[in-house]
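*Asks:* A single structure is presented below for examination.
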Amino acid sequence: MSKLTDSLNKIQSLEELSDGSTVLHRIHPMAKMITTIFFLVVVISFERHQISGLIPFFIYPILMMAIGEIPYKSVLSRLLIALPFSFFAGLSNPILDRETAFILIGIPVSYGLLSFLSILLKTVLTVMAVLIMVATTPMDQLARQLVRIRVPKIFVMQLMLTVRYLSILISEASGMMNAYHLRSIRQNGIALDHMGTFLGQLLLRSYGRAERVYLAMKCRGFDGDYHFAGSRNAGTSDLIFCFGLCICFFILRWCNFSLIVGRLFGQ
Amino acid sequence: MHMADALITPAVGGVMLAVSAGAIGYSAKKVKEELDDKKVPLMGVMGAFVFAGQMINFTIPATGSSGHIGGGILLAALLGPHAAFLVISAVLLIQALFFADGGLLALGCNIFNMGFFACYIAYPFIYKAMIHKNFTAKRISAASISAVVVGLQLGAFAVVLETLISGITELPFGSFVLLMQPIHLAIGLGEGIATAAVLSFVLKSNPVLLDGYNEEVPNPKMQSKRVIVILLAAAIVIGGFVSLFASGNPDGLEWSMEGVAGTAELESDSAAHNTAAGIQQLFAFLPDYGFKGGSEESAAAGTSVSGIVGGSITLGLAALTGYLITRSKKKKVKCQS
């Protein structure tokens, strides 16, 4: 049950965040989408032992989260979901690849450890980048941009409707879970025997609801098409945002900023 | 088994995004052809249902572990494969955006691993073939458990291949496969049982909701075609796994390689070399039935991958031939009538 309410809270808090009015919220959604995708590609294009080159990329999420007023707690809760898979997939690296890359203050650092850390850094960076986009752009605006880049409209409509129904269904499901748990003391989850009936019941209720929603939509003139509210065109500031950041990422990809700074201080 | 962005290279992510985008385009076209606008809100509700349903755990008796429903087969059984594929893809995109469950660049991989295999392989060739228009509780249970298990096995294997081709982790192919497949067998059984329970309930309470419930029993010609496809699928699996194990005990071999050389892979540092190697791995990763790395480890992986690729090419050719034959037959029938 906590899982259900948790995820409900997560969606709602992200929706609230995306409704904000900071400078970052006002940037055109397409500019944010392109920047985010470019950032992701650049970050994961780093070769697997690279760490120092990745670190300067934290400038982007840290600055944007400050500008966009995104709380750091939301990053942590997302990392809890994203990190375990990367962690276990990467865990074998330090075990299998023990060749020493360099010696740091007397401690040998292996290539395996480097590639493991590199995976973790990339995970944190990619998770933060997506969060920044979602937390500063309302879902319907993102969906509209998807239509513009020729993603099939039926898929985008599907996306929007699923998001809209999610909170309804999750609250329905958690109500049913509550009722079930009140009648079955000291039991985690639902007994296998009841699973079919429980989920089946939820499914039938959902069907019934879908039918009523459809009728209501029909009454309001639904013709099988989802109409998006008009949005403004991209302006100069959006172009500067998008191209400026992409060029910065590009420069950071080819010049190792950490090394340059390190050498400056080394001398 | 949602793939993260950090575990793939841009090339792998890009290729898989393109593949999945193609599949979405295809299914969108198919859905539009057969869709009445009534199904649109239904699809949205079903996406949300699967999303919520996956968060409800049930306890598996006597094991102390828990499981939840699997999405793909359940959706396909209710909405048909094309609509189900769209719904699953949307759910995966939402998971990537709102929950960081699977990356945005890895979305193509995830849609392929969890949507494509379930909706376009396991559903038509296992679930539908096993039910064979004869909806009984037993058949539905057996069919949905087998379909979920096979779908997850294929998906898990694809995760291994995508990770391997990306080359981000050091995990040797053999160990990774031996780690992933049994885990996903257990997960698949759990998800399959839950899916079977829900579908049996639907059969009892409102069977019209099941995809294909009202269609008439097909002609025997279709049946033989299905048998051929199943045989070919088995050939791929056998080709992949047997060729791996035929090369001796790969696991022991890799570990001993590690012991001797410290690492079983060659290091290369220049970015240009890496990009080139990435491209080469993508487009020509089977020279001489092994990876170009030349080490024993990559040879074992390469043999197995060759088995799969060879199997797929064979399957593709067979499917093409089958298609051409049926088409020519249909034409003949038309001419006669």
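Each chain in the structure tokens gets a letter, A, B and so on, in the order shown; residues start at 1 in every chain, and ligands are counted from 1 in the order they appear.
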What are the closest atom pairs, with distances in Å to one decimal, for all residues of chain A lying within 6 Å of chain B? Consider only C-alpha atoms, order rows by chain and residue number, and present the result as a tab-separated table.

*Replies:*
```
residue	atom	partner	partner_atom	distance
A:Val41	CA	B:Pro10	CA	5.8
A:Ile44	CA	B:Thr9	CA	6.0
A:Ser45	CA	B:Pro10	CA	5.9
A:Arg48	CA	B:Ile168	CA	5.8
A:Arg78	CA	B:Ala100	CA	5.6
A:Ala82	CA	B:Asp101	CA	5.7
A:Gly90	CA	B:Thr169	CA	5.6
A:Asn93	CA	B:Glu170	CA	5.0
A:Asp97	CA	B:Thr263	CA	5.4
A:Ile119	CA	B:Ala6	CA	5.6
A:Lys122	CA	B:Ala6	CA	5.1
A:Thr123	CA	B:Ala6	CA	5.0
A:Gln158	CA	B:Gly44	CA	5.4
A:Leu159	CA	B:Ala90	CA	5.0
A:Leu161	CA	B:Gly44	CA	4.8
A:Thr162	CA	B:Gly44	CA	4.4
A:Tyr165	CA	B:Ala48	CA	5.8
A:Leu166	CA	B:Ala48	CA	4.8
A:Ile170	CA	B:Ala52	CA	5.5
A:Gly189	CA	B:Phe58	CA	4.7
A:Ile190	CA	B:Phe58	CA	4.2
A:Ala191	CA	B:Thr59	CA	5.3
A:Leu192	CA	B:Phe58	CA	5.7
A:Gly196	CA	B:Val198	CA	4.1
A:Gly200	CA	B:Val198	CA	5.1
A:Ala210	CA	B:Leu42	CA	5.3
A:Gly224	CA	B:Asp37	CA	4.8
```

*Asks:* Any chance you could list, as a list in words, the residues in segment 7-244 of chain A that come up strand (DSSP E) when DSSP is run on the backbone?

*Replies:*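 DSSP on the backbone gives strand (DSSP E) at Thr100, Ala101, Phe102, Ile103, Leu104, Ile107, Pro108, Val109, Ser110, Ile190 and Ala191 of chain A.
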
*Asks:* Take atom CA of Ile145 of chain B and atom CA of Pro207 of chain B and report the distance between them in Å, one decimal.

*Replies:*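 These two atoms are separated by 18.6 Å.
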
*Asks:* Out of segment 172-218 of chain B, which residues get helix (DSSP H, G or I) from DSSP, as a PyMOL selection string?

*Replies:* chain B and resi 173-205+207-209

*Asks:* Can you work out which one of A:Gln201, A:Gln50, A:Thr5, A:Gln145 has the shortest atom-to-atom distance to Tyr111 of chain A, counting only C-alpha atoms?

*Replies:*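 Of all the options, A:Gln50 lies closest to Tyr111 of chain A.
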
*Asks:* Choose the residue, out of A:Ala173, A:Ala179, A:Met133, A:Leu204, that has the smallest atom-to-atom separation from Pro29 of chain A; count only C-alpha atoms.

*Replies:* A:Met133

*Asks:* Which distance in Å separates atom CA of Ile140 of chain B and atom CA of Asn188 of chain A, to one decimal?

*Replies:*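 It comes out at 27.4 Å.
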
*Asks:* In Å, how far is it from atom CA of Phe112 of chain B to atom CA of Ile154 of chain A?

*Replies:* 18.8 Å
